[in-house]
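The data block below is structure_5.tsv; it holds TSV, C-alpha atoms.
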```tsv
chain	number	residue	atom	x	y	z
A	1	MET	CA	105.24	159.21	209.34
A	2	LEU	CA	107.86	161.88	208.64
A	3	SER	CA	108.80	159.82	205.58
A	4	TYR	CA	105.81	161.36	203.77
A	5	LEU	CA	107.55	164.73	203.93
A	6	SER	CA	110.18	163.44	201.47
A	7	GLN	CA	107.57	163.92	198.72
A	8	TYR	CA	107.95	167.67	199.22
A	9	ASP	CA	111.67	167.76	198.48
A	10	HIS	CA	110.96	170.04	195.50
A	11	ALA	CA	109.97	172.71	198.03
A	12	PHE	CA	112.84	172.04	200.45
A	13	GLY	CA	115.69	169.83	199.20
A	14	PRO	CA	116.91	168.28	202.50
A	15	LEU	CA	113.47	166.69	203.00
A	16	ARG	CA	114.55	163.99	200.51
A	17	LEU	CA	116.77	162.57	203.28
A	18	LEU	CA	113.62	161.40	205.06
A	19	GLN	CA	113.10	158.67	202.46
A	20	TYR	CA	116.22	156.86	203.71
A	21	ILE	CA	115.75	154.23	206.40
A	22	THR	CA	119.24	154.87	207.77
A	23	VAL	CA	118.58	158.58	208.33
A	24	ARG	CA	115.22	157.89	209.95
A	25	SER	CA	116.76	155.15	212.11
A	26	VAL	CA	119.28	157.60	213.53
A	27	GLY	CA	116.45	160.11	214.04
A	28	ALA	CA	114.34	157.47	215.81
A	29	ALA	CA	117.18	156.44	218.14
A	30	VAL	CA	118.01	160.05	219.06
A	31	THR	CA	114.32	160.96	219.53
A	32	ALA	CA	113.68	157.92	221.75
A	33	LEU	CA	116.83	158.68	223.75
A	34	LEU	CA	115.76	162.29	224.29
A	35	ILE	CA	112.18	161.30	225.18
A	36	GLY	CA	113.59	158.79	227.67
A	37	PHE	CA	115.82	161.43	229.25
A	38	VAL	CA	112.96	163.94	229.48
A	39	VAL	CA	110.19	161.57	230.55
A	40	GLY	CA	112.39	159.34	232.74
A	41	PRO	CA	113.05	161.67	235.69
A	42	VAL	CA	109.47	162.99	235.62
A	43	MET	CA	108.00	159.48	235.75
A	44	ILE	CA	110.46	158.23	238.36
A	45	ARG	CA	109.57	161.20	240.58
A	46	ARG	CA	105.86	160.51	240.03
A	47	PHE	CA	106.29	156.78	240.75
A	48	ARG	CA	108.09	157.65	243.99
A	49	GLU	CA	105.30	160.05	245.00
A	50	LEU	CA	102.74	157.35	244.29
A	51	LYS	CA	104.94	154.82	246.15
A	52	PHE	CA	105.10	152.52	243.11
A	53	GLY	CA	107.85	150.43	244.69
A	54	HIS	CA	107.37	146.72	245.30
A	55	GLY	CA	107.37	147.23	249.06
A	56	TYR	CA	107.59	143.52	249.72
A	57	ILE	CA	110.42	141.01	249.85
A	58	ASP	CA	110.64	138.93	246.73
A	59	GLU	CA	110.23	135.34	247.90
A	60	ARG	CA	112.41	134.08	245.07
A	61	THR	CA	115.44	136.00	246.29
A	62	GLY	CA	114.56	135.71	249.98
A	63	ALA	CA	117.61	136.21	252.20
A	64	LEU	CA	119.71	137.12	249.16
A	65	GLY	CA	117.51	140.14	248.65
A	66	ALA	CA	118.05	141.26	252.19
A	67	THR	CA	121.81	140.64	252.12
A	68	TYR	CA	122.87	141.99	248.79
A	69	PHE	CA	120.38	144.60	247.80
A	70	ASP	CA	117.62	146.54	249.38
A	71	LYS	CA	115.45	147.24	246.39
A	72	LYS	CA	112.03	147.22	247.89
A	73	HIS	CA	111.69	151.00	247.72
A	74	THR	CA	112.88	151.34	244.12
A	75	PRO	CA	109.87	152.19	241.94
A	76	THR	CA	108.85	149.78	239.22
A	77	MET	CA	106.75	150.23	236.02
A	78	GLY	CA	109.78	151.83	234.33
A	79	GLY	CA	108.77	149.90	231.22
A	80	LEU	CA	106.36	152.76	230.62
A	81	ILE	CA	109.35	155.05	229.97
A	82	ILE	CA	110.60	152.65	227.28
A	83	PHE	CA	107.09	152.24	225.87
A	84	ILE	CA	106.45	155.98	225.54
A	85	ALA	CA	109.86	156.60	223.96
A	86	VAL	CA	109.59	153.70	221.48
A	87	PHE	CA	106.01	154.43	220.57
A	88	PHE	CA	106.36	158.18	219.99
A	89	SER	CA	109.61	157.82	218.14
A	90	SER	CA	108.42	154.93	215.92
A	91	VAL	CA	105.14	156.61	214.97
A	92	LEU	CA	107.10	159.74	214.11
A	93	TRP	CA	109.97	158.23	212.11
A	94	ALA	CA	108.82	154.86	210.73
A	95	ALA	CA	106.82	154.66	207.52
A	96	PRO	CA	103.47	153.02	208.29
A	97	ASN	CA	103.15	149.54	206.79
A	98	VAL	CA	101.77	146.21	207.94
A	99	TRP	CA	105.06	145.17	209.60
A	100	THR	CA	105.46	148.32	211.71
A	101	VAL	CA	101.76	148.36	212.63
A	102	VAL	CA	101.87	144.74	213.83
A	103	ALA	CA	105.11	145.32	215.77
A	104	LEU	CA	103.66	148.34	217.58
A	105	PHE	CA	100.33	146.58	218.11
A	106	VAL	CA	101.97	143.58	219.80
A	107	TYR	CA	104.13	145.91	221.88
A	108	THR	CA	101.08	147.86	223.06
A	109	ALA	CA	98.92	144.78	223.62
A	110	LEU	CA	101.57	143.25	225.88
A	111	THR	CA	102.34	146.47	227.74
A	112	VAL	CA	98.77	146.45	229.10
A	113	PRO	CA	98.91	143.12	231.04
A	114	GLY	CA	102.45	143.94	232.19
A	115	TRP	CA	101.28	147.28	233.53
A	116	ARG	CA	98.25	145.69	235.19
A	117	ASP	CA	100.49	143.07	236.77
A	118	ASP	CA	102.80	145.74	238.21
A	119	TYR	CA	99.86	147.88	239.29
A	120	LEU	CA	98.27	145.04	241.24
A	121	LYS	CA	101.61	144.17	242.84
A	122	VAL	CA	102.65	147.66	243.89
A	123	VAL	CA	99.33	149.40	244.53
A	124	HIS	CA	97.18	146.56	245.78
A	125	LYS	CA	100.16	144.70	247.32
A	126	ASN	CA	99.02	141.57	245.52
A	127	LYS	CA	102.14	139.37	245.32
A	128	ASP	CA	100.80	137.25	242.47
A	129	GLY	CA	99.82	140.14	240.21
A	130	ILE	CA	97.36	139.37	237.45
A	131	LYS	CA	95.86	135.92	237.18
A	132	SER	CA	97.79	133.58	234.90
A	133	TRP	CA	94.73	133.05	232.68
A	134	GLU	CA	94.44	136.81	232.20
A	135	LYS	CA	98.10	137.06	231.19
A	136	ILE	CA	97.71	134.10	228.80
A	137	GLY	CA	94.53	135.72	227.48
A	138	TRP	CA	96.35	138.95	226.60
A	139	GLN	CA	99.26	137.06	225.03
A	140	SER	CA	96.82	134.94	223.00
A	141	PHE	CA	94.88	138.03	221.92
A	142	ALA	CA	98.08	139.78	220.78
A	143	THR	CA	99.27	136.70	218.87
A	144	VAL	CA	95.96	135.92	217.17
A	145	MET	CA	95.35	139.54	216.15
A	146	ALA	CA	98.92	139.94	214.87
A	147	LEU	CA	98.67	136.75	212.82
A	148	ALA	CA	95.21	137.66	211.52
A	149	ILE	CA	96.51	141.03	210.28
A	150	LEU	CA	99.62	139.47	208.74
A	151	LEU	CA	97.61	136.76	206.95
A	152	TRP	CA	94.96	139.23	205.78
A	153	HIS	CA	97.24	141.92	204.39
A	154	PRO	CA	98.41	141.36	200.78
A	155	GLN	CA	101.94	142.61	201.54
A	156	SER	CA	102.53	140.03	204.28
A	157	HIS	CA	100.10	137.21	203.41
A	158	ALA	CA	102.53	134.94	201.53
A	159	LYS	CA	105.74	136.05	203.23
A	160	ILE	CA	104.67	135.36	206.80
A	161	GLN	CA	103.92	131.73	205.92
A	162	GLU	CA	107.52	130.99	204.92
A	163	LEU	CA	109.75	129.35	207.52
A	164	TRP	CA	113.44	130.16	207.26
A	165	VAL	CA	116.15	128.71	209.46
A	166	PRO	CA	119.80	129.76	209.79
A	167	PHE	CA	122.41	128.17	207.46
A	168	PHE	CA	119.79	127.37	204.75
A	169	LYS	CA	119.62	129.25	201.47
A	170	ARG	CA	115.91	128.66	200.94
A	171	ALA	CA	112.78	128.55	203.03
A	172	VAL	CA	112.54	125.10	204.65
A	173	LEU	CA	108.74	125.46	204.59
A	174	PRO	CA	107.57	127.75	201.76
A	175	ALA	CA	103.95	127.79	202.97
A	176	MET	CA	103.38	126.87	206.59
A	177	PRO	CA	99.84	125.93	207.61
A	178	PRO	CA	98.32	128.84	209.60
A	179	ALA	CA	97.82	126.57	212.64
A	180	LEU	CA	101.54	125.75	212.79
A	181	LEU	CA	102.39	129.41	212.29
A	182	LEU	CA	100.06	130.37	215.12
A	183	VAL	CA	101.67	127.85	217.46
A	184	LEU	CA	105.20	128.99	216.57
A	185	ILE	CA	104.50	132.74	216.86
A	186	TYR	CA	102.67	132.12	220.12
A	187	LEU	CA	105.61	130.13	221.51
A	188	TRP	CA	108.05	132.85	220.50
A	189	ILE	CA	106.00	135.73	221.89
A	190	VAL	CA	105.16	133.99	225.15
A	191	GLY	CA	108.57	132.34	225.47
A	192	PHE	CA	110.60	135.51	225.01
A	193	SER	CA	108.17	137.57	227.13
A	194	ASN	CA	108.72	135.19	230.02
A	195	ALA	CA	112.46	134.84	229.33
A	196	ILE	CA	113.01	138.62	229.53
A	197	ASN	CA	110.78	138.69	232.59
A	198	LEU	CA	113.06	136.13	234.28
A	199	THR	CA	116.21	137.96	233.14
A	200	ASP	CA	114.95	141.19	234.71
A	201	GLY	CA	116.32	140.37	238.15
A	202	LEU	CA	119.46	142.50	238.33
A	203	ASP	CA	120.03	146.19	237.63
A	204	GLY	CA	120.55	146.76	233.92
A	205	LEU	CA	120.70	143.08	232.99
A	206	ALA	CA	117.55	142.67	230.89
A	207	VAL	CA	117.68	146.09	229.28
A	208	GLY	CA	121.38	145.80	228.41
A	209	CYS	CA	120.85	142.44	226.70
A	210	THR	CA	117.78	143.85	224.91
A	211	ILE	CA	119.96	146.57	223.37
A	212	THR	CA	122.28	144.00	221.72
A	213	VAL	CA	119.31	141.95	220.47
A	214	ALA	CA	117.62	145.09	219.06
A	215	LEU	CA	120.87	146.09	217.36
A	216	VAL	CA	121.19	142.72	215.62
A	217	PHE	CA	117.54	142.61	214.59
A	218	GLY	CA	117.80	146.19	213.33
A	219	ILE	CA	120.56	145.02	210.98
A	220	MET	CA	118.61	141.87	210.05
A	221	ALA	CA	115.48	143.89	209.29
A	222	TYR	CA	117.51	146.23	207.11
A	223	VAL	CA	119.06	143.44	205.02
A	224	ALA	CA	115.75	141.53	204.82
A	225	GLY	CA	114.04	144.64	203.48
A	226	ASN	CA	116.76	145.36	200.91
A	227	SER	CA	116.57	143.33	197.68
A	228	ILE	CA	120.30	143.71	196.88
A	229	TYR	CA	121.69	142.79	200.32
A	230	SER	CA	119.22	139.94	200.82
A	231	GLN	CA	120.09	138.50	197.42
A	232	TYR	CA	123.81	138.78	198.17
A	233	LEU	CA	123.49	137.16	201.60
A	234	LEU	CA	121.02	134.53	200.33
A	235	ILE	CA	118.46	135.39	202.96
A	236	SER	CA	114.75	135.98	202.57
A	237	TYR	CA	113.72	139.26	200.92
A	238	VAL	CA	110.70	140.66	202.76
A	239	PRO	CA	109.65	143.99	201.20
A	240	GLY	CA	108.84	146.66	203.77
A	241	THR	CA	110.56	145.06	206.74
A	242	GLY	CA	113.38	147.61	206.44
A	243	GLU	CA	111.05	149.91	208.37
A	244	LEU	CA	111.47	147.62	211.39
A	245	THR	CA	115.04	148.95	211.53
A	246	VAL	CA	113.51	152.26	212.56
A	247	VAL	CA	111.49	150.53	215.32
A	248	CYS	CA	114.62	148.66	216.49
A	249	SER	CA	116.58	151.93	216.53
A	250	ALA	CA	113.86	153.57	218.61
A	251	LEU	CA	114.06	150.57	220.94
A	252	ILE	CA	117.84	150.95	221.25
A	253	GLY	CA	117.52	154.69	222.03
A	254	ALA	CA	114.75	154.08	224.58
A	255	CYS	CA	116.65	151.23	226.26
A	256	MET	CA	119.81	153.36	226.47
A	257	ALA	CA	117.88	156.15	228.19
A	258	PHE	CA	116.24	153.62	230.51
A	259	LEU	CA	119.59	151.98	231.29
A	260	TRP	CA	120.82	155.39	232.44
A	261	TYR	CA	118.32	155.22	235.30
A	262	ASN	CA	118.32	151.43	235.67
A	263	SER	CA	122.10	151.11	236.09
A	264	HIS	CA	123.26	149.95	239.52
A	265	PRO	CA	122.00	151.12	241.97
A	266	ALA	CA	118.77	151.33	240.00
A	267	GLU	CA	116.48	154.34	240.37
A	268	VAL	CA	113.71	152.46	238.60
A	269	PHE	CA	112.87	148.92	237.43
A	270	MET	CA	111.19	148.13	234.15
A	271	GLY	CA	108.86	145.64	235.84
A	272	ASP	CA	106.51	143.40	233.89
A	273	THR	CA	105.36	146.51	232.03
A	274	GLY	CA	108.68	146.47	230.21
A	275	SER	CA	109.77	142.84	230.19
A	276	LEU	CA	106.58	141.23	228.85
A	277	ALA	CA	106.18	143.76	226.07
A	278	LEU	CA	109.86	143.80	225.03
A	279	GLY	CA	109.86	140.00	224.75
A	280	GLY	CA	106.73	140.07	222.62
A	281	LEU	CA	108.08	142.79	220.36
A	282	ILE	CA	111.38	141.00	219.78
A	283	GLY	CA	109.60	137.65	219.28
A	284	VAL	CA	107.20	138.93	216.64
A	285	MET	CA	109.90	140.94	214.83
A	286	ALA	CA	112.06	137.80	214.56
A	287	PHE	CA	109.23	136.12	212.66
A	288	MET	CA	108.56	139.11	210.45
A	289	VAL	CA	112.18	139.32	209.26
A	290	HIS	CA	112.28	135.52	208.79
A	291	GLN	CA	114.88	134.96	211.50
A	292	PRO	CA	112.94	133.18	214.28
A	293	LEU	CA	115.60	130.60	215.09
A	294	THR	CA	118.37	133.21	214.95
A	295	LEU	CA	116.63	134.85	217.91
A	296	VAL	CA	117.43	131.75	219.97
A	297	ILE	CA	121.13	132.44	219.27
A	298	VAL	CA	121.03	136.26	219.49
A	299	GLY	CA	118.90	136.20	222.63
A	300	GLY	CA	121.10	133.48	224.12
A	301	VAL	CA	121.19	135.13	227.55
A	302	PHE	CA	117.38	135.12	227.71
A	303	VAL	CA	117.34	131.47	226.62
A	304	LEU	CA	119.94	130.58	229.28
A	305	GLU	CA	117.95	132.35	231.98
A	306	ALA	CA	114.67	130.66	231.04
A	307	GLY	CA	116.46	127.34	230.52
A	308	SER	CA	118.02	127.51	233.99
A	309	VAL	CA	114.59	127.87	235.57
A	310	ILE	CA	113.14	125.00	233.52
A	311	LEU	CA	116.12	122.76	234.39
A	312	GLN	CA	116.04	123.70	238.06
A	313	VAL	CA	112.32	122.99	238.43
A	314	GLY	CA	112.46	119.88	236.23
A	315	TRP	CA	115.46	118.39	238.05
A	316	PHE	CA	113.94	119.16	241.46
A	317	LYS	CA	110.66	117.44	240.58
A	318	TYR	CA	112.42	114.49	238.94
A	319	THR	CA	114.77	113.83	241.89
A	320	ARG	CA	111.95	114.28	244.39
A	321	ARG	CA	109.91	111.64	242.56
A	322	ARG	CA	112.87	109.26	242.26
A	323	THR	CA	114.56	109.68	245.64
A	324	GLY	CA	111.99	111.46	247.80
A	325	THR	CA	114.26	114.50	248.20
A	326	GLY	CA	114.31	117.27	245.63
A	327	ARG	CA	117.78	118.33	244.48
A	328	ARG	CA	118.84	121.53	242.81
A	329	LEU	CA	121.16	121.97	239.84
A	330	PHE	CA	121.90	125.62	240.62
A	331	LEU	CA	122.22	127.38	243.96
A	332	MET	CA	119.30	129.51	242.77
A	333	ALA	CA	117.42	130.07	239.52
A	334	PRO	CA	117.34	132.11	237.29
A	335	ILE	CA	121.03	131.57	236.75
A	336	HIS	CA	122.12	135.16	237.55
A	337	HIS	CA	121.14	134.54	241.18
A	338	HIS	CA	123.29	131.38	241.16
A	339	PHE	CA	126.38	133.51	240.51
A	340	GLN	CA	125.31	136.03	243.15
A	341	LYS	CA	125.04	133.16	245.63
A	342	LYS	CA	128.56	132.17	244.66
A	343	GLY	CA	129.70	135.59	245.80
A	344	TRP	CA	129.97	137.56	242.56
A	345	PRO	CA	128.97	141.20	243.04
A	346	GLU	CA	125.82	142.21	241.16
A	347	THR	CA	127.67	144.50	238.75
A	348	LYS	CA	130.12	141.74	237.84
A	349	VAL	CA	127.29	139.34	237.01
A	350	VAL	CA	125.57	141.98	234.88
A	351	LEU	CA	128.74	142.98	233.01
A	352	ARG	CA	129.67	139.36	232.31
A	353	PHE	CA	126.16	138.62	231.05
A	354	TRP	CA	126.41	141.69	228.78
A	355	ILE	CA	129.67	140.26	227.40
A	356	LEU	CA	127.88	136.96	226.79
A	357	SER	CA	125.04	138.82	225.12
A	358	LEU	CA	127.48	140.61	222.82
A	359	GLY	CA	129.05	137.26	221.93
A	360	PHE	CA	125.63	135.77	221.14
A	361	ALA	CA	124.79	138.83	219.05
A	362	LEU	CA	127.97	138.44	216.97
A	363	ALA	CA	127.28	134.72	216.57
A	364	GLY	CA	123.77	135.55	215.37
A	365	LEU	CA	125.12	138.08	212.88
A	366	ALA	CA	127.58	135.48	211.58
A	367	THR	CA	124.66	133.26	210.54
A	368	LEU	CA	123.80	135.88	207.91
A	369	LYS	CA	126.94	134.99	205.95
A	370	LEU	CA	127.09	131.24	206.63
A	371	ARG	CA	124.64	129.75	204.19
B	1	MET	CA	75.70	176.20	232.09
B	2	SER	CA	79.23	177.41	232.82
B	3	ALA	CA	78.79	176.46	236.47
B	4	MET	CA	77.82	172.96	235.40
B	5	ILE	CA	80.88	172.66	233.14
B	6	LYS	CA	83.04	173.95	235.97
B	7	ALA	CA	81.57	171.38	238.34
B	8	LEU	CA	82.14	168.62	235.79
B	9	LYS	CA	85.75	169.76	235.31
B	10	ASN	CA	86.36	169.74	239.04
B	11	GLN	CA	84.84	166.30	239.34
B	12	LEU	CA	87.02	165.06	236.49
B	13	ASP	CA	90.14	166.52	238.12
B	14	ALA	CA	89.27	164.92	241.43
B	15	ARG	CA	88.61	161.48	239.93
B	16	LEU	CA	91.42	161.17	237.43
B	17	PRO	CA	94.89	160.29	238.64
B	18	PHE	CA	96.43	162.27	235.74
B	19	SER	CA	96.32	165.92	234.77
B	20	ARG	CA	94.21	167.14	231.86
B	21	THR	CA	97.40	167.99	229.95
B	22	THR	CA	98.49	164.36	230.22
B	23	LEU	CA	95.08	163.24	228.97
B	24	LEU	CA	95.31	165.64	226.03
B	25	ILE	CA	98.75	164.28	225.10
B	26	VAL	CA	97.44	160.71	225.34
B	27	ALA	CA	94.42	161.62	223.16
B	28	LEU	CA	96.65	163.23	220.52
B	29	TRP	CA	98.94	160.24	220.67
B	30	ALA	CA	95.98	157.86	220.19
B	31	CYS	CA	94.90	159.88	217.14
B	32	ALA	CA	98.44	159.71	215.73
B	33	PHE	CA	98.54	155.94	216.20
B	34	ALA	CA	95.07	155.52	214.66
B	35	THR	CA	96.32	157.43	211.59
B	36	PHE	CA	99.48	155.30	211.57
B	37	VAL	CA	97.40	152.09	211.63
B	38	ALA	CA	95.01	153.34	208.93
B	39	LEU	CA	97.90	154.31	206.64
B	40	GLY	CA	99.84	151.15	207.41
B	41	LEU	CA	97.01	148.73	206.73
B	42	ARG	CA	95.99	150.21	203.38
B	43	PRO	CA	96.06	147.31	200.89
```

Take the structure I supplied and represent it as structure tokens, if you would.
Amino acid sequence: MLSYLSQYDHAFGPLRLLQYITVRSVGAAVTALLIGFVVGPVMIRRFRELKFGHGYIDERTGALGATYFDKKHTPTMGGLIIFIAVFFSSVLWAAPNVWTVVALFVYTALTVPGWRDDYLKVVHKNKDGIKSWEKIGWQSFATVMALAILLWHPQSHAKIQELWVPFFKRAVLPAMPPALLLVLIYLWIVGFSNAINLTDGLDGLAVGCTITVALVFGIMAYVAGNSIYSQYLLISYVPGTGELTVVCSALIGACMAFLWYNSHPAEVFMGDTGSLALGGLIGVMAFMVHQPLTLVIVGGVFVLEAGSVILQVGWFKYTRRRTGTGRRLFLMAPIHHHFQKKGWPETKVVLRFWILSLGFALAGLATLKLR
Amino acid sequence: MSAMIKALKNQLDARLPFSRTTLLIVALWACAFATFVALGLRP
């Protein structure tokens, strides 16, 4: 909201800088970083006092958990640190418009079930967390509300119905039926929420990959919101989405601060509080900047992680039906545990996945020029 | 009257897992977001 101060540049000249998205993006990243560094230690200390650690052995990792890492006393719910930093910083630096409101709404609406899930797991020692119908209910509520706002608002009404895919100069569907749009946005929000949730199994893995995705979508939002750059790159021009660059910058700053505490050996985990909401935020932003399929490339690590689980389960069920004995494709799924089982140290797996994530991010950026 | 307010305050402190300062910050934050939404959704 600081952008409104630029109207008073006649009273104090430097205030005119606040009209520039680039300046506010830097401000948002620095603010979120500082909030993360201030709030982080306080919250970690509080979580430890409240014994907000999992306190149980994760059945998925089983013996691996006991052999390689003793993480049961590390507090979770660290996603709240990211949430507070992103939210404060975005409200402060981003200009309010329908795109930023929807992004922050989805982020908030998905932080709630994530937090409840963690709360039930760590406080009530309920291994399953919230019921699956409750989680689906929250995700459906966030999607339907977001779509309703986007279809209702005159600034976004026509634009949100266009479907753009990489390598095409025009919208492949200029006016999608709302039902199809609902299904696609729902799939993206739920899919990426769960994909980040699955990726969040090693220290710094999910948050590190989120930084590269946020960086790419910050750039994409900037070019989509700029009539000159979008015309030059032959991508969709979506007025107002440039403000999502500020949200992405806040996300980068918050994730960097969180990574400081989440780096191996982690002092805190983001938990479902962070992973569900981050996936939803990235998923909905990809639609708003007309780059939904590019997210599949940019978030390649998340797709690999979710894909490995789907393949593992699918192959196991298929072989059990055909031969009577279930077989596994990987030593363990999600795929990062497969490499741990092969003997790679945790930090090596994380660093190599970050390298992959950077590669996917560059590949995603390249699609901007190849049309 | 003041004794009643004091009793209510004590009860609030005992029941809430957060301090009143935290609640104040959250309330201010909610107001800021409400303003953000109102400004953002203006047609």

Each residue of chain B lying at most 12 Å from chain A should get a row with its shortest atom-to-atom pair and the distance in Å to one decimal, counting all atoms listed in the file; could you produce that, ordered by chain and increasing number, as a Markdown table?
```
| residue | atom | partner | partner_atom | distance |
| --- | --- | --- | --- | --- |
| B:Pro17 | CA | A:Leu50 | CA | 10.1 |
| B:Phe18 | CA | A:Arg46 | CA | 10.5 |
| B:Ile25 | CA | A:Phe88 | CA | 11.0 |
| B:Val26 | CA | A:Ile84 | CA | 10.2 |
| B:Leu28 | CA | A:Phe88 | CA | 11.0 |
| B:Trp29 | CA | A:Phe88 | CA | 7.7 |
| B:Ala30 | CA | A:Phe88 | CA | 10.4 |
| B:Cys31 | CA | A:Val91 | CA | 11.0 |
| B:Ala32 | CA | A:Val91 | CA | 7.4 |
| B:Phe33 | CA | A:Val91 | CA | 6.7 |
| B:Ala34 | CA | A:Val101 | CA | 10.0 |
| B:Thr35 | CA | A:Pro96 | CA | 9.0 |
| B:Phe36 | CA | A:Pro96 | CA | 5.6 |
| B:Val37 | CA | A:Val101 | CA | 5.8 |
| B:Ala38 | CA | A:Pro96 | CA | 8.5 |
| B:Leu39 | CA | A:Pro96 | CA | 6.0 |
| B:Gly40 | CA | A:Asn97 | CA | 3.7 |
| B:Leu41 | CA | A:Val98 | CA | 5.5 |
| B:Arg42 | CA | A:Asn97 | CA | 8.0 |
| B:Pro43 | CA | A:Pro154 | CA | 6.4 |
```

*Please measure the separation of atom CA of A:Ala306 and atom CA of A:Ala195, giving the value in Å to one decimal.*
5.0 Å

*Any idea what's packed within 7 Å of stretch 215-221 of chain A, counting all atoms listed in the file, ignoring anything in its chain fewer than 2 positions away? Could you give it as a list in words?*
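Once the adjacent positions are removed, what remains is Ile211, Thr212, Val213, Val223, Ala224, Gly225, Thr241, Gly242, Leu244, Thr245, Cys248, Ser249, Ile252, Val289, Ala361 and Leu365 of chain A.
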
*When distances are computed from all atoms listed in the file, which of A:Trp315, A:Trp354, A:Tyr186, A:Phe302 shows the smallest separation from A:Asp203?*
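Of all the options, A:Trp354 lies closest to A:Asp203.
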
*Separation of atom CA of A:Pro113 from atom CA of A:Val313 in Å*: 25.3 Å

_Calculated over all atoms listed in the file, which of the candidates A:His10, A:Arg45, A:Lys121, A:His290 has the smallest distance to A:Ile160?_
A:His290

*asked:* I'd like the neighbourhood of A:Ser275 as a PyMOL selection string, where a residue qualifies if any of its atoms comes within 10 Å (using only C-alpha atoms), though same-chain residues fewer than 2 positions away should be ignored.
replied: chain A and resi 77-79+110-111+114+192-200+206-207+210+269-273+277-281

*asked:* Using Å and a single decimal, report how far atom CA of A:Lys317 sits from atom CA of A:Met332.
replied: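 So the two atoms, atom CA of A:Met332 and atom CA of A:Lys317, lie 15.0 Å apart.
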
How big is the axis-aligned box, and where does its centre sit, when it encloses all atoms of stretch 22-33 of chain B listed in the file and has 4 Å added on every side, reported in Å to one decimal as lines of an AutoDock Vina configuration file?
```
center_x = 96.7
center_y = 160.8
center_z = 223.0
size_x = 12.5
size_y = 17.7
size_z = 22.5
```

Tell me, as a CSV table (one decimal) with C-alpha atoms, keeping the file's coordinate frame, which residues lie within 12 Å of A:Ala257, counting all atoms listed in the file; anything in the same chain fewer than 5 positions away does not count.
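Result file around-v6.csv:
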```
chain,number,residue,atom,x,y,z
A,29,ALA,CA,117.2,156.4,218.1
A,30,VAL,CA,118.0,160.0,219.1
A,31,THR,CA,114.3,161.0,219.5
A,32,ALA,CA,113.7,157.9,221.8
A,33,LEU,CA,116.8,158.7,223.8
A,34,LEU,CA,115.8,162.3,224.3
A,35,ILE,CA,112.2,161.3,225.2
A,36,GLY,CA,113.6,158.8,227.7
A,37,PHE,CA,115.8,161.4,229.2
A,38,VAL,CA,113.0,163.9,229.5
A,39,VAL,CA,110.2,161.6,230.6
A,40,GLY,CA,112.4,159.3,232.7
A,41,PRO,CA,113.0,161.7,235.7
A,78,GLY,CA,109.8,151.8,234.3
A,79,GLY,CA,108.8,149.9,231.2
A,81,ILE,CA,109.4,155.0,230.0
A,82,ILE,CA,110.6,152.6,227.3
A,83,PHE,CA,107.1,152.2,225.9
A,84,ILE,CA,106.4,156.0,225.5
A,85,ALA,CA,109.9,156.6,224.0
A,86,VAL,CA,109.6,153.7,221.5
A,204,GLY,CA,120.6,146.8,233.9
A,207,VAL,CA,117.7,146.1,229.3
A,208,GLY,CA,121.4,145.8,228.4
A,211,ILE,CA,120.0,146.6,223.4
A,250,ALA,CA,113.9,153.6,218.6
A,251,LEU,CA,114.1,150.6,220.9
A,252,ILE,CA,117.8,151.0,221.2
A,262,ASN,CA,118.3,151.4,235.7
A,263,SER,CA,122.1,151.1,236.1
A,268,VAL,CA,113.7,152.5,238.6
```

*Find the residues with any atom within 9 Å of (104.8, 143.4, 239.1); use all atoms listed in the file and the coordinates as given in the file, and write the answer as a PyMOL selection string.*
chain A and resi 54+76-77+114-122+126-130+271-273

Where atoms are absent from stretch 4-11 of chain B, fill them in so it carries N, CA and C atoms, then output it as a PDB file, in the coordinates of the input.
```
ATOM      1  N   MET B   4      77.912 174.422 235.538  1.00  0.00           N
ATOM      2  CA  MET B   4      77.820 172.960 235.400  1.00  0.00           C
ATOM      3  C   MET B   4      79.120 172.397 234.807  1.00  0.00           C
ATOM      4  N   ILE B   5      79.621 173.104 233.773  1.00  0.00           N
ATOM      5  CA  ILE B   5      80.880 172.660 233.140  1.00  0.00           C
ATOM      6  C   ILE B   5      82.013 172.701 234.156  1.00  0.00           C
ATOM      7  N   LYS B   6      82.007 173.797 234.953  1.00  0.00           N
ATOM      8  CA  LYS B   6      83.040 173.950 235.970  1.00  0.00           C
ATOM      9  C   LYS B   6      82.990 172.806 236.991  1.00  0.00           C
ATOM     10  N   ALA B   7      81.750 172.472 237.374  1.00  0.00           N
ATOM     11  CA  ALA B   7      81.570 171.380 238.340  1.00  0.00           C
ATOM     12  C   ALA B   7      82.044 170.050 237.758  1.00  0.00           C
ATOM     13  N   LEU B   8      81.714 169.858 236.467  1.00  0.00           N
ATOM     14  CA  LEU B   8      82.140 168.620 235.790  1.00  0.00           C
ATOM     15  C   LEU B   8      83.667 168.533 235.710  1.00  0.00           C
ATOM     16  N   LYS B   9      84.282 169.707 235.399  1.00  0.00           N
ATOM     17  CA  LYS B   9      85.750 169.760 235.310  1.00  0.00           C
ATOM     18  C   LYS B   9      86.383 169.413 236.647  1.00  0.00           C
ATOM     19  N   ASN B  10      85.823 170.006 237.697  1.00  0.00           N
ATOM     20  CA  ASN B  10      86.360 169.740 239.040  1.00  0.00           C
ATOM     21  C   ASN B  10      86.245 168.269 239.415  1.00  0.00           C
ATOM     22  N   GLN B  11      85.082 167.713 239.040  1.00  0.00           N
ATOM     23  CA  GLN B  11      84.840 166.300 239.340  1.00  0.00           C
ATOM     24  C   GLN B  11      85.841 165.419 238.585  1.00  0.00           C
TER      25      GLN B  11
END
```
